[in-house]
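For reference, coords-v1.csv is printed below; it contains CSV, C-alpha atoms.
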```csv
chain,number,residue,atom,x,y,z
R,1,LYS,CA,-57.7,9.6,61.5
R,2,ALA,CA,-56.3,7.5,58.6
R,3,PRO,CA,-54.4,9.5,55.9
R,4,PRO,CA,-56.3,9.9,52.6
R,5,ALA,CA,-55.6,7.2,50.0
R,6,ALA,CA,-53.3,8.3,47.3
R,7,ALA,CA,-55.0,9.0,44.0
R,8,ALA,CA,-54.7,6.1,41.6
R,9,GLU,CA,-52.5,6.7,38.6
R,10,PRO,CA,-54.4,6.6,35.4
R,11,VAL,CA,-54.1,3.4,33.5
R,12,THR,CA,-52.3,3.9,30.2
R,13,GLY,CA,-53.1,1.5,27.4
R,14,TRP,CA,-50.5,0.4,24.8
R,15,TRP,CA,-51.8,3.0,22.3
R,16,SER,CA,-50.9,5.9,24.6
R,17,SER,CA,-47.7,4.4,26.1
R,18,ALA,CA,-44.5,6.1,25.1
R,19,LYS,CA,-42.5,3.2,26.6
R,20,PHE,CA,-44.4,0.7,24.4
R,21,TRP,CA,-43.8,2.6,21.2
R,22,GLY,CA,-40.3,3.6,22.2
R,23,GLY,CA,-39.5,-0.1,22.8
R,24,LEU,CA,-40.8,-1.1,19.4
R,25,GLY,CA,-38.9,1.7,17.8
R,26,ALA,CA,-35.7,0.6,19.6
R,27,LEU,CA,-36.3,-3.0,18.5
R,28,ALA,CA,-36.7,-1.8,14.9
R,29,GLY,CA,-33.5,0.2,15.3
R,30,TRP,CA,-31.6,-2.8,16.6
R,31,GLY,CA,-32.8,-4.5,13.4
R,32,MET,CA,-31.2,-1.7,11.4
R,33,THR,CA,-27.9,-2.2,13.4
R,34,GLY,CA,-28.2,-6.0,13.0
R,35,SER,CA,-28.7,-5.4,9.3
R,36,ALA,CA,-25.5,-3.5,8.9
R,37,ILE,CA,-23.6,-6.3,10.8
R,38,TYR,CA,-25.3,-9.0,8.8
R,39,ASP,CA,-24.6,-7.3,5.5
R,40,SER,CA,-20.9,-6.9,6.5
R,41,GLN,CA,-20.6,-10.6,6.9
R,42,PHE,CA,-22.7,-12.0,4.1
R,43,HIS,CA,-23.0,-9.3,1.4
R,44,GLY,CA,-20.3,-7.8,-0.8
R,45,PRO,CA,-19.4,-4.1,-0.5
R,46,GLU,CA,-21.0,-3.3,-3.9
R,47,VAL,CA,-24.4,-3.1,-2.3
R,48,ILE,CA,-23.4,-0.4,0.2
R,49,SER,CA,-24.6,3.1,-0.7
R,50,LEU,CA,-22.1,5.9,-0.3
R,51,THR,CA,-25.1,8.3,-0.1
R,52,MET,CA,-27.0,6.5,2.6
R,53,THR,CA,-24.3,5.2,4.9
R,54,PRO,CA,-22.8,8.6,5.9
R,55,VAL,CA,-26.3,9.9,6.5
R,56,MET,CA,-27.0,6.9,8.8
R,57,ILE,CA,-23.9,7.7,10.8
R,58,ILE,CA,-25.0,11.3,11.4
R,59,TYR,CA,-28.6,10.2,12.1
R,60,SER,CA,-27.6,7.6,14.7
R,61,SER,CA,-25.1,9.9,16.4
R,62,LEU,CA,-27.8,12.5,16.9
R,63,PHE,CA,-30.5,10.0,18.0
R,64,ALA,CA,-28.1,8.4,20.5
R,65,ARG,CA,-28.0,11.7,22.2
R,66,TRP,CA,-31.8,12.4,21.8
R,67,ALA,CA,-32.7,9.0,23.4
R,68,CYS,CA,-30.8,10.0,26.5
R,69,ILE,CA,-32.5,13.4,27.1
R,70,VAL,CA,-36.1,12.8,25.9
R,71,THR,CA,-38.8,12.1,28.4
R,72,PRO,CA,-39.2,9.2,29.1
R,73,GLN,CA,-35.6,8.3,28.6
R,74,ASN,CA,-35.0,5.5,26.2
R,75,LEU,CA,-31.5,4.0,26.9
R,76,PHE,CA,-32.4,0.9,24.9
R,77,LEU,CA,-32.7,3.1,21.8
R,78,GLY,CA,-29.6,5.1,22.7
R,79,ALA,CA,-27.5,1.9,22.9
R,80,CYS,CA,-29.0,0.8,19.6
R,81,HIS,CA,-27.9,4.0,17.8
R,82,ALA,CA,-24.5,4.0,19.4
R,83,SER,CA,-24.0,0.5,18.1
R,84,ASN,CA,-25.3,1.5,14.7
R,85,VAL,CA,-22.7,4.3,14.4
R,86,LEU,CA,-20.0,1.7,14.8
R,87,ALA,CA,-21.6,-0.8,12.4
R,88,GLN,CA,-22.2,1.9,9.7
R,89,CYS,CA,-18.6,3.2,10.1
R,90,ASN,CA,-17.4,-0.3,9.3
R,91,GLN,CA,-19.8,-0.4,6.3
R,92,LEU,CA,-18.5,2.9,5.1
R,93,ARG,CA,-14.9,1.7,5.4
R,94,ARG,CA,-15.8,-1.4,3.3
R,95,ALA,CA,-17.5,0.8,0.6
R,96,ILE,CA,-14.7,3.2,0.3
R,97,SER,CA,-12.1,0.4,0.0
R,98,TYR,CA,-14.2,-1.2,-2.7
R,99,LYS,CA,-14.8,2.0,-4.7
R,100,LEU,CA,-11.1,2.9,-4.6
R,101,SER,CA,-10.2,-0.6,-5.8
R,102,GLN,CA,-12.6,-0.1,-8.7
R,103,GLY,CA,-11.2,3.3,-9.7
R,104,GLY,CA,-14.0,5.4,-8.0
R,105,GLU,CA,-11.7,8.0,-6.5
R,106,MET,CA,-14.0,10.9,-7.7
R,107,GLU,CA,-17.1,9.4,-6.1
R,108,VAL,CA,-15.3,8.9,-2.8
R,109,ARG,CA,-13.9,12.4,-2.9
R,110,ALA,CA,-17.4,13.9,-3.6
R,111,MET,CA,-18.8,11.9,-0.7
R,112,GLY,CA,-16.0,13.2,1.6
R,113,VAL,CA,-16.7,16.8,0.6
R,114,LYS,CA,-20.4,16.5,1.4
R,115,ALA,CA,-19.8,14.7,4.7
R,116,GLY,CA,-17.2,17.3,5.7
R,117,ALA,CA,-19.6,20.2,4.9
R,118,GLY,CA,-22.3,18.5,7.0
R,119,VAL,CA,-20.0,18.1,10.0
R,120,VAL,CA,-18.8,21.7,9.7
R,121,VAL,CA,-22.4,23.1,9.7
R,122,ILE,CA,-23.5,20.9,12.6
R,123,GLY,CA,-20.4,21.8,14.6
R,124,ALA,CA,-20.9,25.5,13.9
R,125,LEU,CA,-24.5,25.4,15.1
R,126,ILE,CA,-23.5,23.6,18.3
R,127,LEU,CA,-20.7,26.0,19.1
R,128,SER,CA,-22.8,29.1,18.4
R,129,GLN,CA,-25.9,28.0,20.3
R,130,PRO,CA,-25.1,29.8,23.6
R,131,VAL,CA,-24.8,33.1,21.8
R,132,LEU,CA,-27.1,32.7,18.8
R,133,GLN,CA,-30.2,31.4,20.6
R,134,PRO,CA,-30.6,34.2,23.2
R,135,ALA,CA,-29.9,36.8,20.4
R,136,VAL,CA,-32.7,35.4,18.2
R,137,VAL,CA,-35.1,35.0,21.1
R,138,GLY,CA,-34.4,38.6,22.2
R,139,MET,CA,-35.2,40.0,18.8
R,140,ASN,CA,-38.9,39.3,19.5
R,141,ILE,CA,-39.6,38.5,15.9
R,142,PRO,CA,-43.1,36.9,15.6
R,143,VAL,CA,-43.0,33.1,15.1
R,144,VAL,CA,-39.2,33.1,14.6
R,145,SER,CA,-38.3,34.0,18.2
R,146,ALA,CA,-41.0,31.7,19.6
R,147,PHE,CA,-39.7,28.8,17.5
R,148,ALA,CA,-36.1,29.5,18.6
R,149,ALA,CA,-37.1,29.3,22.2
R,150,ALA,CA,-39.3,26.2,21.8
R,151,PRO,CA,-38.3,23.0,23.7
R,152,ALA,CA,-38.0,21.2,20.4
R,153,GLY,CA,-36.7,24.2,18.5
R,154,PRO,CA,-33.7,24.6,16.1
R,155,PHE,CA,-31.2,25.0,18.9
R,156,THR,CA,-31.9,21.6,20.4
R,157,VAL,CA,-31.2,18.0,19.5
R,158,HIS,CA,-35.0,17.4,19.5
R,159,PHE,CA,-35.0,19.3,16.3
R,160,TRP,CA,-31.8,18.1,14.6
R,161,ALA,CA,-32.3,14.4,15.3
R,162,PRO,CA,-35.5,14.3,13.2
R,163,MET,CA,-33.9,16.6,10.6
R,164,SER,CA,-31.2,14.1,10.1
R,165,LYS,CA,-33.9,11.5,9.5
R,166,TRP,CA,-35.2,13.7,6.7
R,167,LEU,CA,-31.8,13.1,5.1
R,168,ILE,CA,-32.5,9.4,5.1
R,169,SER,CA,-36.0,9.9,3.6
R,170,GLY,CA,-34.5,12.4,1.1
R,171,ALA,CA,-31.8,9.9,0.1
R,172,SER,CA,-34.5,7.3,-0.5
R,173,PHE,CA,-36.8,9.7,-2.4
R,174,PHE,CA,-34.0,10.9,-4.7
R,175,ASP,CA,-33.0,7.3,-5.4
R,176,LEU,CA,-36.4,5.9,-6.1
R,177,HIS,CA,-35.2,3.9,-9.1
R,178,ARG,CA,-32.1,2.5,-7.5
R,179,PRO,CA,-31.3,-1.0,-9.0
R,180,THR,CA,-32.9,-3.6,-6.8
R,181,ASP,CA,-29.8,-5.7,-6.7
R,182,LYS,CA,-28.3,-2.9,-4.6
R,183,ILE,CA,-31.2,-2.8,-2.1
R,184,SER,CA,-30.8,-4.6,1.2
R,185,ILE,CA,-34.0,-6.3,2.4
R,186,SER,CA,-32.8,-6.4,6.0
R,187,GLN,CA,-31.9,-2.7,6.1
R,188,TYR,CA,-35.1,-1.5,4.4
R,189,SER,CA,-37.3,-3.8,6.5
R,190,ALA,CA,-35.8,-2.1,9.6
R,191,LEU,CA,-36.2,1.4,8.2
R,192,THR,CA,-39.9,0.7,7.2
R,193,LEU,CA,-40.7,-0.6,10.7
R,194,THR,CA,-38.8,2.3,12.3
R,195,GLY,CA,-40.9,4.8,10.3
R,196,CYS,CA,-44.1,3.0,11.4
R,197,PHE,CA,-43.4,2.9,15.1
R,198,PHE,CA,-41.8,6.3,15.4
R,199,THR,CA,-44.8,8.0,13.8
R,200,ARG,CA,-46.8,7.3,16.9
R,201,TYR,CA,-43.9,7.5,19.4
R,202,ALA,CA,-43.1,11.1,18.4
R,203,LEU,CA,-46.5,12.2,19.6
R,204,LEU,CA,-46.1,10.6,23.1
R,205,VAL,CA,-42.7,11.9,24.2
R,206,VAL,CA,-41.9,15.1,26.0
R,207,PRO,CA,-41.5,17.5,24.3
R,208,VAL,CA,-44.0,16.3,21.6
R,209,ASN,CA,-42.1,16.3,18.3
R,210,TYR,CA,-44.1,17.0,15.2
R,211,VAL,CA,-41.0,17.2,13.1
R,212,LEU,CA,-40.1,13.6,14.1
R,213,CYS,CA,-43.7,12.5,13.4
R,214,SER,CA,-43.7,13.9,9.9
R,215,VAL,CA,-40.3,12.6,8.9
R,216,ASN,CA,-41.3,9.1,10.0
R,217,ILE,CA,-44.3,9.2,7.8
R,218,ALA,CA,-42.0,10.0,4.9
R,219,LEU,CA,-39.5,7.4,6.0
R,220,PHE,CA,-42.1,4.7,6.1
R,221,CYS,CA,-43.4,5.6,2.6
R,222,SER,CA,-40.0,5.8,0.9
R,223,SER,CA,-38.6,2.7,2.6
R,224,ALA,CA,-41.7,0.6,2.0
R,225,TRP,CA,-41.4,1.6,-1.7
R,226,HIS,CA,-37.9,0.3,-2.0
R,227,LEU,CA,-38.7,-2.8,0.1
R,228,GLY,CA,-41.7,-3.6,-2.1
R,229,ARG,CA,-39.6,-3.2,-5.3
R,230,LYS,CA,-36.9,-5.5,-3.9
R,231,ILE,CA,-39.4,-8.2,-2.8
R,232,LYS,CA,-41.2,-8.0,-6.2
R,233,ALA,CA,-37.9,-8.3,-8.1
R,234,ASP,CA,-36.5,-11.2,-6.0
R,235,TYR,CA,-39.6,-13.2,-5.2
R,236,ILE,CA,-42.5,-12.3,-7.5
R,237,ASP,CA,-41.3,-11.4,-11.0
R,238,PRO,CA,-40.4,-14.4,-13.2
R,239,LYS,CA,-36.7,-15.0,-13.6
```
Would it be possible to restate this file's structure as structure tokens?
Amino acid sequence: KAPPAAAAEPVTGWWSSAKFWGGLGALAGWGMTGSAIYDSQFHGPEVISLTMTPVMIIYSSLFARWACIVTPQNLFLGACHASNVLAQCNQLRRAISYKLSQGGEMEVRAMGVKAGAGVVVIGALILSQPVLQPAVVGMNIPVVSAFAAAPAGPFTVHFWAPMSKWLISGASFFDLHRPTDKISISQYSALTLTGCFFTRYALLVVPVNYVLCSVNIALFCSSAWHLGRKIKADYIDPK
């Protein structure tokens, strides 16, 4: 007797394909990395934001890790973010050198304090995770304990990677009236596309990541706002 035929795998269209949206997200991410490299070659350091650039370094560091452990794995995205860490570090070096040459020691010092505090907080959370998570889960506090034990909960990179993206959106929202001559079209084009693609991608990966979905909606809106202002100022408004 012939063995029964294997059940056919369901056909997944592009709308429901994590690999499709993850690939688009990775391409947009490479645009962000390429933007940093392009800006370092053709734009002066005065356009580099001391607020956004350190945030981008933390963001890409976390997402390089996230891309390697999410299901399905997205090594193209991981390589993109690892490259972006290097590119953004170079941009930060250029910005600090420029600010110091212009007498901006106080601004550089303030940025260093904020960055140092962020590194300390993240490091403390990582080191305390093996002890803190079981303790919180064992308390059996409604909602809190369940959230602590969740696959995308606060003791996982699935939570902190999108939270770092909230820093990017927050930086954009708190700087809505940034002078347009300090806005990079290439960087904000990449951020706008990233927000668009990852809004869908976040709902298709395992574990499903609603925090990542929500932050990408915010990222799309804030980045598109800045991009629209830049295009209007450079190409539409009369000179």
I'd like the contact shell of segment 198-200 of chain R - 10 Å cut-off, all atoms listed in the file, skipping same-chain residues fewer than 5 positions apart - returned as a PDB file with C-alpha atoms, in the frame of the given file.
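That gives us selection-v5.pdb:
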```pdb
ATOM      1  CA  TRP R  15     -51.800   3.000  22.300  1.00  0.00           C
ATOM      2  CA  SER R  16     -50.900   5.900  24.600  1.00  0.00           C
ATOM      3  CA  SER R  17     -47.700   4.400  26.100  1.00  0.00           C
ATOM      4  CA  ALA R  18     -44.500   6.100  25.100  1.00  0.00           C
ATOM      5  CA  TRP R  21     -43.800   2.600  21.200  1.00  0.00           C
ATOM      6  CA  GLY R  22     -40.300   3.600  22.200  1.00  0.00           C
ATOM      7  CA  LEU R  24     -40.800  -1.100  19.400  1.00  0.00           C
ATOM      8  CA  GLY R  25     -38.900   1.700  17.800  1.00  0.00           C
ATOM      9  CA  ALA R  26     -35.700   0.600  19.600  1.00  0.00           C
ATOM     10  CA  ALA R  28     -36.700  -1.800  14.900  1.00  0.00           C
ATOM     11  CA  LEU R 193     -40.700  -0.600  10.700  1.00  0.00           C
ATOM     12  CA  VAL R 205     -42.700  11.900  24.200  1.00  0.00           C
ATOM     13  CA  ASN R 209     -42.100  16.300  18.300  1.00  0.00           C
ATOM     14  CA  TYR R 210     -44.100  17.000  15.200  1.00  0.00           C
ATOM     15  CA  VAL R 211     -41.000  17.200  13.100  1.00  0.00           C
ATOM     16  CA  LEU R 212     -40.100  13.600  14.100  1.00  0.00           C
ATOM     17  CA  CYS R 213     -43.700  12.500  13.400  1.00  0.00           C
ATOM     18  CA  SER R 214     -43.700  13.900   9.900  1.00  0.00           C
ATOM     19  CA  VAL R 215     -40.300  12.600   8.900  1.00  0.00           C
ATOM     20  CA  ASN R 216     -41.300   9.100  10.000  1.00  0.00           C
ATOM     21  CA  ILE R 217     -44.300   9.200   7.800  1.00  0.00           C
ATOM     22  CA  ALA R 218     -42.000  10.000   4.900  1.00  0.00           C
ATOM     23  CA  LEU R 219     -39.500   7.400   6.000  1.00  0.00           C
ATOM     24  CA  PHE R 220     -42.100   4.700   6.100  1.00  0.00           C
TER      25      PHE R 220
END
```
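For the choices R:Val137, R:Leu62, R:Ala95, R:Val113, the atom-to-atom distance to Ile48 of chain R is smallest for R:Ala95 when using only C-alpha atoms.
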One residue among R:Val85, R:Ala67, R:Leu50, R:Ala36 is nearest to Tyr201 of chain R when using all atoms listed in the file, and that residue is R:Ala67
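If you look at atom CA of Ala161 of chain R and atom CA of Val108 of chain R, they are 25.4 Å away from each other.
Comparing the minimum interatomic distances between Tyr38 of chain R and each of R:Val136, R:Cys80, R:Pro142, R:Gln88, counting all atoms listed in the file, we find that R:Gln88 sits nearest.
Across the model, the gap from atom CA of Ser61 of chain R to atom CA of Ser83 of chain R is 9.6 Å.
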File output, segment 99-110 of chain R (all heavy atoms) as a short mmCIF file (atom, residue, chain, number, x, y, z; two decimals), in the first residue's frame:
```cif
data_model
loop_
_atom_site.label_atom_id
_atom_site.label_comp_id
_atom_site.auth_asym_id
_atom_site.auth_seq_id
_atom_site.Cartn_x
_atom_site.Cartn_y
_atom_site.Cartn_z
N LYS R 99 31.43 69.67 17.61
CA LYS R 99 30.90 70.45 18.73
C LYS R 99 32.03 70.98 19.61
O LYS R 99 31.99 72.14 20.05
CB LYS R 99 29.95 69.58 19.56
CG LYS R 99 28.65 69.22 18.87
CD LYS R 99 27.76 70.43 18.66
CE LYS R 99 26.42 70.03 18.07
NZ LYS R 99 25.55 71.21 17.81
N LEU R 100 33.04 70.16 19.86
CA LEU R 100 34.16 70.60 20.68
C LEU R 100 34.93 71.72 20.01
O LEU R 100 35.39 72.67 20.66
CB LEU R 100 35.08 69.41 20.98
CG LEU R 100 34.51 68.33 21.90
CD1 LEU R 100 35.50 67.18 22.03
CD2 LEU R 100 34.16 68.90 23.27
N SER R 101 35.05 71.64 18.68
CA SER R 101 35.76 72.70 17.96
C SER R 101 34.99 74.01 17.95
O SER R 101 35.57 75.08 17.76
CB SER R 101 36.04 72.26 16.51
OG SER R 101 34.84 72.20 15.77
N GLN R 102 33.66 73.92 18.18
CA GLN R 102 32.81 75.12 18.20
C GLN R 102 32.51 75.59 19.62
O GLN R 102 31.65 76.45 19.82
CB GLN R 102 31.49 74.82 17.47
CG GLN R 102 31.65 74.42 16.01
CD GLN R 102 32.21 75.53 15.18
OE1 GLN R 102 31.74 76.67 15.23
NE2 GLN R 102 33.25 75.23 14.38
N GLY R 103 33.19 75.03 20.60
CA GLY R 103 32.98 75.44 21.99
C GLY R 103 31.75 74.82 22.63
O GLY R 103 31.21 75.39 23.59
N GLY R 104 31.31 73.67 22.15
CA GLY R 104 30.10 73.04 22.69
C GLY R 104 30.39 71.97 23.72
O GLY R 104 29.74 70.91 23.72
N GLU R 105 31.35 72.23 24.62
CA GLU R 105 31.72 71.22 25.61
C GLU R 105 30.55 70.84 26.51
O GLU R 105 30.38 69.66 26.86
CB GLU R 105 32.87 71.72 26.49
CG GLU R 105 34.21 71.83 25.78
CD GLU R 105 34.37 73.18 25.08
OE1 GLU R 105 33.39 73.97 25.08
OE2 GLU R 105 35.46 73.42 24.51
N MET R 106 29.70 71.80 26.88
CA MET R 106 28.58 71.52 27.77
C MET R 106 27.58 70.58 27.10
O MET R 106 27.06 69.66 27.74
CB MET R 106 27.90 72.83 28.17
CG MET R 106 28.76 73.74 29.05
SD MET R 106 29.14 72.97 30.65
CE MET R 106 27.52 72.90 31.37
N GLU R 107 27.30 70.81 25.83
CA GLU R 107 26.36 69.96 25.11
C GLU R 107 26.89 68.53 24.99
O GLU R 107 26.16 67.56 25.17
CB GLU R 107 26.08 70.53 23.72
CG GLU R 107 25.02 69.78 22.93
CD GLU R 107 24.74 70.42 21.59
OE1 GLU R 107 25.33 71.47 21.28
OE2 GLU R 107 23.92 69.84 20.83
N VAL R 108 28.18 68.40 24.72
CA VAL R 108 28.79 67.07 24.61
C VAL R 108 28.76 66.36 25.96
O VAL R 108 28.47 65.16 26.04
CB VAL R 108 30.24 67.18 24.09
CG1 VAL R 108 30.95 65.84 24.18
CG2 VAL R 108 30.26 67.70 22.66
N ARG R 109 29.04 67.11 27.02
CA ARG R 109 29.04 66.51 28.36
C ARG R 109 27.64 66.02 28.74
O ARG R 109 27.48 64.94 29.30
CB ARG R 109 29.56 67.52 29.38
CG ARG R 109 29.78 66.91 30.77
CD ARG R 109 30.38 67.91 31.74
NE ARG R 109 31.71 68.31 31.33
CZ ARG R 109 32.04 69.54 30.92
NH1 ARG R 109 31.10 70.49 30.87
NH2 ARG R 109 33.28 69.82 30.57
N ALA R 110 26.62 66.83 28.42
CA ALA R 110 25.24 66.45 28.74
C ALA R 110 24.84 65.19 27.98
O ALA R 110 24.18 64.30 28.53
CB ALA R 110 24.30 67.61 28.38
#
```
